[in-house]
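J.: Sending over upload-v4.cif (mmCIF, C-alpha atoms; chains and numbers go by the auth columns).
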data_final
loop_
_atom_site.group_PDB
_atom_site.id
_atom_site.type_symbol
_atom_site.label_atom_id
_atom_site.label_comp_id
_atom_site.label_asym_id
_atom_site.label_seq_id
_atom_site.Cartn_x
_atom_site.Cartn_y
_atom_site.Cartn_z
_atom_site.B_iso_or_equiv
_atom_site.auth_seq_id
_atom_site.auth_asym_id
ATOM 1 C CA MET A 1 0.000 0.000 0.000 0.00 1 N
ATOM 2 C CA MET A 2 2.805 2.370 0.877 0.00 2 N
ATOM 3 C CA MET A 3 4.522 1.475 -2.391 0.00 3 N
ATOM 4 C CA ASN A 4 1.351 2.313 -4.393 0.00 4 N
ATOM 5 C CA ARG A 5 1.137 5.703 -2.712 0.00 5 N
ATOM 6 C CA LEU A 6 4.784 6.362 -3.472 0.00 6 N
ATOM 7 C CA LYS A 7 4.300 5.398 -7.143 0.00 7 N
ATOM 8 C CA ALA A 8 1.221 7.623 -7.360 0.00 8 N
ATOM 9 C CA ALA A 9 3.106 10.537 -5.786 0.00 9 N
ATOM 10 C CA LEU A 10 6.084 10.095 -8.128 0.00 10 N
ATOM 11 C CA GLY A 11 3.719 9.874 -11.102 0.00 11 N
ATOM 12 C CA ALA A 12 2.002 13.099 -10.076 0.00 12 N
ATOM 13 C CA VAL A 13 5.337 14.863 -9.607 0.00 13 N
ATOM 14 C CA THR A 14 6.538 13.661 -13.030 0.00 14 N
ATOM 15 C CA VAL A 15 3.346 14.812 -14.754 0.00 15 N
ATOM 16 C CA GLY A 16 3.577 18.146 -12.920 0.00 16 N
ATOM 17 C CA LEU A 17 7.179 18.655 -13.977 0.00 17 N
ATOM 18 C CA LEU A 18 6.414 17.807 -17.594 0.00 18 N
ATOM 19 C CA ALA A 19 3.398 20.102 -17.606 0.00 19 N
ATOM 20 C CA GLY A 20 5.458 22.865 -15.991 0.00 20 N
ATOM 21 C CA THR A 21 8.181 22.463 -18.615 0.00 21 N
ATOM 22 C CA SER A 22 5.598 22.597 -21.391 0.00 22 N
ATOM 23 C CA LEU A 23 3.939 25.648 -19.799 0.00 23 N
ATOM 24 C CA ALA A 24 7.289 27.385 -19.367 0.00 24 N
ATOM 25 C CA HIS A 25 8.113 26.705 -23.027 0.00 25 N
ATOM 26 C CA ALA A 26 4.718 28.091 -24.115 0.00 26 N
ATOM 27 C CA GLN A 27 5.205 31.167 -21.929 0.00 27 N
ATOM 28 C CA GLY A 28 8.690 31.635 -23.397 0.00 28 N
ATOM 29 C CA ALA A 29 7.231 31.515 -26.909 0.00 29 N
ATOM 30 C CA ASP A 30 4.553 34.026 -25.902 0.00 30 N
ATOM 31 C CA GLU A 31 7.188 36.274 -24.360 0.00 31 N
ATOM 32 C CA ASP A 32 9.219 36.091 -27.580 0.00 32 N
ATOM 33 C CA LEU A 33 6.117 36.989 -29.581 0.00 33 N
ATOM 34 C CA ILE A 34 5.386 39.932 -27.281 0.00 34 N
ATOM 35 C CA LYS A 35 8.995 41.137 -27.519 0.00 35 N
ATOM 36 C CA LYS A 36 8.856 40.937 -31.307 0.00 36 N
ATOM 37 C CA GLY A 37 5.565 42.854 -31.202 0.00 37 N
ATOM 38 C CA GLU A 38 7.170 45.554 -29.079 0.00 38 N
ATOM 39 C CA TYR A 39 9.925 45.819 -31.689 0.00 39 N
ATOM 40 C CA VAL A 40 7.353 46.068 -34.508 0.00 40 N
ATOM 41 C CA ALA A 41 5.478 48.771 -32.540 0.00 41 N
ATOM 42 C CA ARG A 42 8.724 50.737 -32.262 0.00 42 N
ATOM 43 C CA LEU A 43 9.376 50.371 -35.993 0.00 43 N
ATOM 44 C CA GLY A 44 5.846 51.585 -36.758 0.00 44 N
ATOM 45 C CA ASP A 45 6.244 54.380 -34.180 0.00 45 N
ATOM 46 C CA CYS A 46 2.766 53.665 -32.782 0.00 46 N
ATOM 47 C CA VAL A 47 3.587 55.650 -29.646 0.00 47 N
ATOM 48 C CA ALA A 48 4.153 58.854 -31.642 0.00 48 N
ATOM 49 C CA CYS A 49 0.519 59.136 -32.714 0.00 49 N
ATOM 50 C CA HIS A 50 -1.253 57.195 -29.988 0.00 50 N
ATOM 51 C CA THR A 51 0.199 59.108 -27.031 0.00 51 N
ATOM 52 C CA ALA A 52 -0.897 62.650 -26.187 0.00 52 N
ATOM 53 C CA LEU A 53 1.656 65.184 -25.018 0.00 53 N
ATOM 54 C CA ASN A 54 2.275 64.388 -21.337 0.00 54 N
ATOM 55 C CA GLY A 55 -0.234 61.528 -21.725 0.00 55 N
ATOM 56 C CA GLN A 56 -0.098 57.859 -20.918 0.00 56 N
ATOM 57 C CA LYS A 57 1.582 55.582 -23.436 0.00 57 N
ATOM 58 C CA PHE A 58 -0.795 54.370 -26.199 0.00 58 N
ATOM 59 C CA ALA A 59 -3.887 55.875 -24.492 0.00 59 N
ATOM 60 C CA GLY A 60 -4.563 58.215 -27.414 0.00 60 N
ATOM 61 C CA GLY A 61 -5.698 61.808 -27.261 0.00 61 N
ATOM 62 C CA LEU A 62 -2.973 63.358 -29.419 0.00 62 N
ATOM 63 C CA ALA A 63 -4.444 66.272 -31.368 0.00 63 N
ATOM 64 C CA ILE A 64 -3.789 65.961 -35.099 0.00 64 N
ATOM 65 C CA LYS A 65 -4.516 69.111 -37.056 0.00 65 N
ATOM 66 C CA THR A 66 -5.791 68.446 -40.583 0.00 66 N
ATOM 67 C CA PRO A 67 -7.160 70.697 -43.336 0.00 67 N
ATOM 68 C CA ILE A 68 -10.674 69.529 -42.437 0.00 68 N
ATOM 69 C CA GLY A 69 -10.395 69.960 -38.674 0.00 69 N
ATOM 70 C CA MET A 70 -8.963 68.414 -35.545 0.00 70 N
ATOM 71 C CA ILE A 71 -8.679 64.641 -35.162 0.00 71 N
ATOM 72 C CA TYR A 72 -7.558 62.913 -31.966 0.00 72 N
ATOM 73 C CA SER A 73 -5.646 59.659 -31.883 0.00 73 N
ATOM 74 C CA THR A 74 -7.400 56.704 -30.293 0.00 74 N
ATOM 75 C CA ASN A 75 -6.659 54.545 -27.290 0.00 75 N
ATOM 76 C CA ILE A 76 -4.898 51.381 -28.461 0.00 76 N
ATOM 77 C CA THR A 77 -4.286 49.861 -25.031 0.00 77 N
ATOM 78 C CA PRO A 78 -6.043 46.566 -24.248 0.00 78 N
ATOM 79 C CA ASP A 79 -8.718 48.361 -22.228 0.00 79 N
ATOM 80 C CA PRO A 80 -12.009 46.629 -23.136 0.00 80 N
ATOM 81 C CA THR A 81 -14.125 49.793 -22.890 0.00 81 N
ATOM 82 C CA TYR A 82 -12.069 52.525 -24.542 0.00 82 N
ATOM 83 C CA GLY A 83 -9.198 50.629 -26.157 0.00 83 N
ATOM 84 C CA ILE A 84 -8.783 47.595 -28.365 0.00 84 N
ATOM 85 C CA GLY A 85 -9.200 45.009 -25.613 0.00 85 N
ATOM 86 C CA THR A 86 -12.148 43.298 -27.304 0.00 86 N
ATOM 87 C CA TYR A 87 -10.552 43.161 -30.773 0.00 87 N
ATOM 88 C CA THR A 88 -9.791 39.742 -32.222 0.00 88 N
ATOM 89 C CA LEU A 89 -6.586 39.205 -34.165 0.00 89 N
ATOM 90 C CA GLN A 90 -8.580 39.468 -37.398 0.00 90 N
ATOM 91 C CA GLU A 91 -10.247 42.748 -36.327 0.00 91 N
ATOM 92 C CA PHE A 92 -6.859 44.132 -35.275 0.00 92 N
ATOM 93 C CA ASP A 93 -5.432 43.144 -38.679 0.00 93 N
ATOM 94 C CA GLU A 94 -8.351 44.841 -40.460 0.00 94 N
ATOM 95 C CA ALA A 95 -7.682 48.062 -38.522 0.00 95 N
ATOM 96 C CA VAL A 96 -3.910 48.153 -38.944 0.00 96 N
ATOM 97 C CA ARG A 97 -3.551 46.942 -42.536 0.00 97 N
ATOM 98 C CA HIS A 98 -6.895 47.954 -44.049 0.00 98 N
ATOM 99 C CA GLY A 99 -8.096 50.951 -42.019 0.00 99 N
ATOM 100 C CA VAL A 100 -11.374 49.369 -40.901 0.00 100 N
ATOM 101 C CA ARG A 101 -12.492 49.528 -37.267 0.00 101 N
ATOM 102 C CA LYS A 102 -14.233 46.736 -35.407 0.00 102 N
ATOM 103 C CA ASP A 103 -17.597 48.403 -36.051 0.00 103 N
ATOM 104 C CA GLY A 104 -16.906 48.484 -39.803 0.00 104 N
ATOM 105 C CA SER A 105 -16.270 52.220 -40.060 0.00 105 N
ATOM 106 C CA THR A 106 -13.110 53.570 -41.652 0.00 106 N
ATOM 107 C CA LEU A 107 -10.085 54.925 -39.839 0.00 107 N
ATOM 108 C CA TYR A 108 -9.180 57.324 -42.622 0.00 108 N
ATOM 109 C CA PRO A 109 -7.948 60.076 -42.656 0.00 109 N
ATOM 110 C CA ALA A 110 -5.940 59.739 -39.459 0.00 110 N
ATOM 111 C CA MET A 111 -4.752 56.120 -39.486 0.00 111 N
ATOM 112 C CA PRO A 112 -1.988 55.747 -42.069 0.00 112 N
ATOM 113 C CA TYR A 113 -2.964 52.141 -42.821 0.00 113 N
ATOM 114 C CA PRO A 114 -1.562 52.208 -46.386 0.00 114 N
ATOM 115 C CA SER A 115 1.861 52.459 -44.731 0.00 115 N
ATOM 116 C CA PHE A 116 1.167 49.213 -42.841 0.00 116 N
ATOM 117 C CA ALA A 117 -0.761 47.333 -45.551 0.00 117 N
ATOM 118 C CA ARG A 118 2.185 45.148 -46.508 0.00 118 N
ATOM 119 C CA MET A 119 3.069 44.026 -42.988 0.00 119 N
ATOM 120 C CA SER A 120 3.423 40.264 -42.747 0.00 120 N
ATOM 121 C CA GLN A 121 0.834 38.194 -40.910 0.00 121 N
ATOM 122 C CA ASP A 122 3.572 37.221 -38.427 0.00 122 N
ATOM 123 C CA ASP A 123 4.305 40.883 -37.671 0.00 123 N
ATOM 124 C CA ILE A 124 0.591 41.587 -37.207 0.00 124 N
ATOM 125 C CA LYS A 125 0.290 38.592 -34.873 0.00 125 N
ATOM 126 C CA SER A 126 3.267 39.727 -32.796 0.00 126 N
ATOM 127 C CA LEU A 127 2.023 43.330 -32.709 0.00 127 N
ATOM 128 C CA TYR A 128 -1.375 42.072 -31.540 0.00 128 N
ATOM 129 C CA ALA A 129 0.295 39.946 -28.831 0.00 129 N
ATOM 130 C CA TYR A 130 2.247 42.985 -27.654 0.00 130 N
ATOM 131 C CA PHE A 131 -0.767 45.287 -27.450 0.00 131 N
ATOM 132 C CA MET A 132 -2.938 42.646 -25.776 0.00 132 N
ATOM 133 C CA HIS A 133 -0.368 41.274 -23.303 0.00 133 N
ATOM 134 C CA GLY A 134 2.581 43.662 -23.154 0.00 134 N
ATOM 135 C CA VAL A 135 0.774 46.993 -22.796 0.00 135 N
ATOM 136 C CA LYS A 136 -1.055 48.133 -19.681 0.00 136 N
ATOM 137 C CA PRO A 137 -4.800 48.738 -20.219 0.00 137 N
ATOM 138 C CA ILE A 138 -5.728 52.377 -19.635 0.00 138 N
ATOM 139 C CA ALA A 139 -9.370 53.334 -19.243 0.00 139 N
ATOM 140 C CA GLN A 140 -9.138 56.657 -21.053 0.00 140 N
ATOM 141 C CA LYS A 141 -12.064 57.685 -23.213 0.00 141 N
ATOM 142 C CA ASN A 142 -11.368 58.614 -26.824 0.00 142 N
ATOM 143 C CA ARG A 143 -11.912 62.260 -27.728 0.00 143 N
ATOM 144 C CA GLU A 144 -14.413 63.277 -30.393 0.00 144 N
ATOM 145 C CA ARG A 145 -13.003 64.870 -33.489 0.00 145 N
ATOM 146 C CA ALA A 146 -13.899 68.371 -34.606 0.00 146 N
ATOM 147 C CA LEU A 147 -14.184 68.414 -38.389 0.00 147 N
ATOM 148 C CA ALA A 148 -15.110 71.370 -40.549 0.00 148 N
ATOM 149 C CA GLY A 149 -15.120 71.072 -44.309 0.00 149 N
ATOM 150 C CA ARG A 150 -15.453 68.146 -46.659 0.00 150 N
ATOM 151 C CA CYS A 151 -15.024 64.760 -45.047 0.00 151 N
ATOM 152 C CA PRO A 152 -12.721 62.385 -46.959 0.00 152 N
ATOM 153 C CA CYS A 153 -14.302 59.236 -45.538 0.00 153 N
ATOM 154 C CA ALA A 154 -17.242 59.248 -47.956 0.00 154 N
ATOM 155 C CA GLY A 155 -19.993 59.327 -45.366 0.00 155 N
ATOM 156 C CA ARG A 156 -18.573 56.554 -43.164 0.00 156 N
ATOM 157 C CA CYS A 157 -17.022 58.472 -40.312 0.00 157 N
ATOM 158 C CA PRO A 158 -15.120 56.395 -37.737 0.00 158 N
ATOM 159 C CA SER A 159 -16.888 58.034 -34.794 0.00 159 N
ATOM 160 C CA GLY A 160 -20.329 57.361 -36.223 0.00 160 N
ATOM 161 C CA ALA A 161 -20.969 61.104 -36.257 0.00 161 N
ATOM 162 C CA PRO A 162 -22.747 62.553 -39.276 0.00 162 N
ATOM 163 C CA CYS A 163 -20.286 63.209 -42.057 0.00 163 N
ATOM 164 C CA LEU A 164 -20.021 66.211 -44.242 0.00 164 N
ATOM 165 C CA PRO A 165 -20.591 65.539 -47.946 0.00 165 N
ATOM 166 C CA PRO A 166 -17.584 63.725 -49.412 0.00 166 N
ATOM 167 C CA HIS A 167 -15.383 65.520 -51.869 0.00 167 N
ATOM 168 C CA PRO A 168 -16.130 64.584 -55.535 0.00 168 N
ATOM 169 C CA ARG A 169 -12.565 63.294 -55.993 0.00 169 N
ATOM 170 C CA THR A 170 -13.068 60.918 -53.047 0.00 170 N
ATOM 171 C CA LEU A 171 -16.240 59.588 -54.638 0.00 171 N
ATOM 172 C CA ARG A 172 -14.418 59.007 -57.939 0.00 172 N
ATOM 173 C CA LEU A 173 -11.645 57.115 -56.161 0.00 173 N
ATOM 174 C CA LEU A 174 -14.181 54.988 -54.307 0.00 174 N
ATOM 175 C CA ARG A 175 -16.014 54.178 -57.542 0.00 175 N
ATOM 176 C CA VAL A 176 -12.755 53.094 -59.177 0.00 176 N
ATOM 177 C CA ARG A 177 -11.903 50.981 -56.158 0.00 177 N
ATOM 178 C CA MET A 178 -15.331 49.342 -56.182 0.00 178 N
ATOM 179 C CA GLN A 179 -14.992 48.533 -59.896 0.00 179 N
ATOM 180 C CA THR A 180 -11.682 46.741 -59.320 0.00 180 N
ATOM 181 C CA LEU A 181 -13.081 44.483 -56.593 0.00 181 N
ATOM 182 C CA PRO A 182 -13.992 40.952 -57.676 0.00 182 N
ATOM 183 C CA ALA A 183 -17.670 40.172 -58.112 0.00 183 N
ATOM 184 C CA VAL A 184 -19.304 38.493 -55.126 0.00 184 N
ATOM 185 C CA ASN A 185 -21.621 35.553 -55.661 0.00 185 N
ATOM 186 C CA THR A 186 -24.723 36.240 -53.561 0.00 186 N
ATOM 187 C CA LEU A 187 -26.387 32.837 -54.073 0.00 187 N
#
Translate the structure described by the file into structure tokens.
T.:
Amino acid sequence: MMMNRLKAALGAVTVGLLAGTSLAHAQGADEDLIKKGEYVARLGDCVACHTALNGQKFAGGLAIKTPIGMIYSTNITPDPTYGIGTYTLQEFDEAVRHGVRKDGSTLYPAMPYPSFARMSQDDIKSLYAYFMHGVKPIAQKNRERALAGRCPCAGRCPSGAPCLPPHPRTLRLLRVRMQTLPAVNTL
């Protein structure tokens, strides 16, 4: 009986050690991914736009003066209320590489997504890991923009606020873009 208990105890210790080794390896891989994401964030200079003067890192609020008014950078910390904490990897990818927010609205004109459109899927995955696990969530509300003049987002403003009529050139560009998209089978 004593021998059975000893065997059971040794078995449990062995399983625990193997599980711990596997967990440590997985955590090491995650840490490497987060470190790579931090490097990618530095290369993309995310902090420059997503940190207000004297503000908290990545919490947004930086005023960006444009010809059509003032735009404020958004909170990209993993805060679930005001940041990107509820974004999936796919939604994060759509925002960074394609300029489309989780709610389907566009991030143009402030988000320079064309500059990030050719990022690799691995870089996006590491950047996502960094923002979700390497950045402190900050519950800072995003500021509303103050636009005056023609809105370049063709009636689909990121804030959901009513847009000003889009500029005719923007409409032409959108029409050309729509014509180059492949047909979608709706059956």
J.: Counting only C-alpha atoms, which of N:His133, N:Met119, N:Lys102, N:Leu53 gets nearest to Thr77 in chain N?
T.: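 Closest to Thr77 in chain N, using only C-alpha atoms: N:His133.
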J.: Using all atoms listed in the file, determine which residues lie at most 9 Å from range 36-44 of chain N, disregarding the query and same-chain residues fewer than 6 positions distant; provide the list as a JSON list (two decimals) with C-alpha atoms, keeping the file's coordinate frame.
T.:
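Saved result, around-v3.json, follows:
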[["chain", "number", "residue", "atom", "x", "y", "z"],
["N", 115, "SER", "CA", 1.86, 52.46, -44.73],
["N", 116, "PHE", "CA", 1.17, 49.21, -42.84],
["N", 123, "ASP", "CA", 4.30, 40.88, -37.67],
["N", 124, "ILE", "CA", 0.59, 41.59, -37.21],
["N", 125, "LYS", "CA", 0.29, 38.59, -34.87],
["N", 126, "SER", "CA", 3.27, 39.73, -32.80],
["N", 127, "LEU", "CA", 2.02, 43.33, -32.71],
["N", 128, "TYR", "CA", -1.38, 42.07, -31.54],
["N", 129, "ALA", "CA", 0.30, 39.95, -28.83],
["N", 130, "TYR", "CA", 2.25, 42.98, -27.65],
["N", 131, "PHE", "CA", -0.77, 45.29, -27.45],
["N", 134, "GLY", "CA", 2.58, 43.66, -23.15]]
J.: How far is it from CA of Pro137 in chain N to CA of Gln121 in chain N, in Å with one decimal?
T.: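 It comes out at 23.9 Å.
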J.: Please identify all polymer residues within 9 Å of Cys49 in chain N, counting all atoms listed in the file, omitting same-chain residues fewer than 3 positions from it, and present them as a PyMOL selection string.
T.: chain N and resi 45-46+52+58+60-64+72-74
J.: So that I can check the surroundings of His98 in chain N, please list as a list of chain:residue names every protein, DNA and RNA residue that reaches within 12 Å of it, counting only C-alpha atoms and ignoring chain neighbours fewer than 4 positions away.
T.: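 Close residues of His98 in chain N: N:Gln90, N:Glu91, N:Phe92, N:Asp93, N:Glu94, N:Lys102, N:Gly104, N:Ser105, N:Thr106, N:Leu107, N:Tyr108, N:Met111, N:Pro112, N:Tyr113, N:Pro114, N:Ser115, N:Phe116, N:Ala117, N:Arg118, N:Met119, N:Ile124.
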J.: If you keep C-alpha atoms, can you produce a file of those selected residues as a JSON list (two decimals), in the frame of the given file?
T.:
[["chain", "number", "residue", "atom", "x", "y", "z"],
["N", 90, "GLN", "CA", -8.58, 39.47, -37.40],
["N", 91, "GLU", "CA", -10.25, 42.75, -36.33],
["N", 92, "PHE", "CA", -6.86, 44.13, -35.28],
["N", 93, "ASP", "CA", -5.43, 43.14, -38.68],
["N", 94, "GLU", "CA", -8.35, 44.84, -40.46],
["N", 102, "LYS", "CA", -14.23, 46.74, -35.41],
["N", 104, "GLY", "CA", -16.91, 48.48, -39.80],
["N", 105, "SER", "CA", -16.27, 52.22, -40.06],
["N", 106, "THR", "CA", -13.11, 53.57, -41.65],
["N", 107, "LEU", "CA", -10.09, 54.92, -39.84],
["N", 108, "TYR", "CA", -9.18, 57.32, -42.62],
["N", 111, "MET", "CA", -4.75, 56.12, -39.49],
["N", 112, "PRO", "CA", -1.99, 55.75, -42.07],
["N", 113, "TYR", "CA", -2.96, 52.14, -42.82],
["N", 114, "PRO", "CA", -1.56, 52.21, -46.39],
["N", 115, "SER", "CA", 1.86, 52.46, -44.73],
["N", 116, "PHE", "CA", 1.17, 49.21, -42.84],
["N", 117, "ALA", "CA", -0.76, 47.33, -45.55],
["N", 118, "ARG", "CA", 2.18, 45.15, -46.51],
["N", 119, "MET", "CA", 3.07, 44.03, -42.99],
["N", 124, "ILE", "CA", 0.59, 41.59, -37.21]]
J.: What does the structure give for the distance between CA of Pro78 in chain N and CA of Lys65 in chain N, in Å to one decimal?
T.: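 Answer for the CA of Pro78 in chain N to CA of Lys65 in chain N separation: 26.0 Å.
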J.: Return the padded bounding box of range 96-103 of chain N as JSON: axis-aligned, built from all atoms listed in the file, 3 Å added on each side, with centre and edge lengths in Å to one decimal.
T.:
{"center_x": -10.6, "center_y": 48.8, "center_z": -39.7, "size_x": 20.0, "size_y": 10.2, "size_z": 14.6}
J.: So how many Å separate CA of Ala146 in chain N and CA of Lys57 in chain N, to one decimal?
T.: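 Taking CA of Ala146 in chain N and CA of Lys57 in chain N, their separation equals 23.0 Å.
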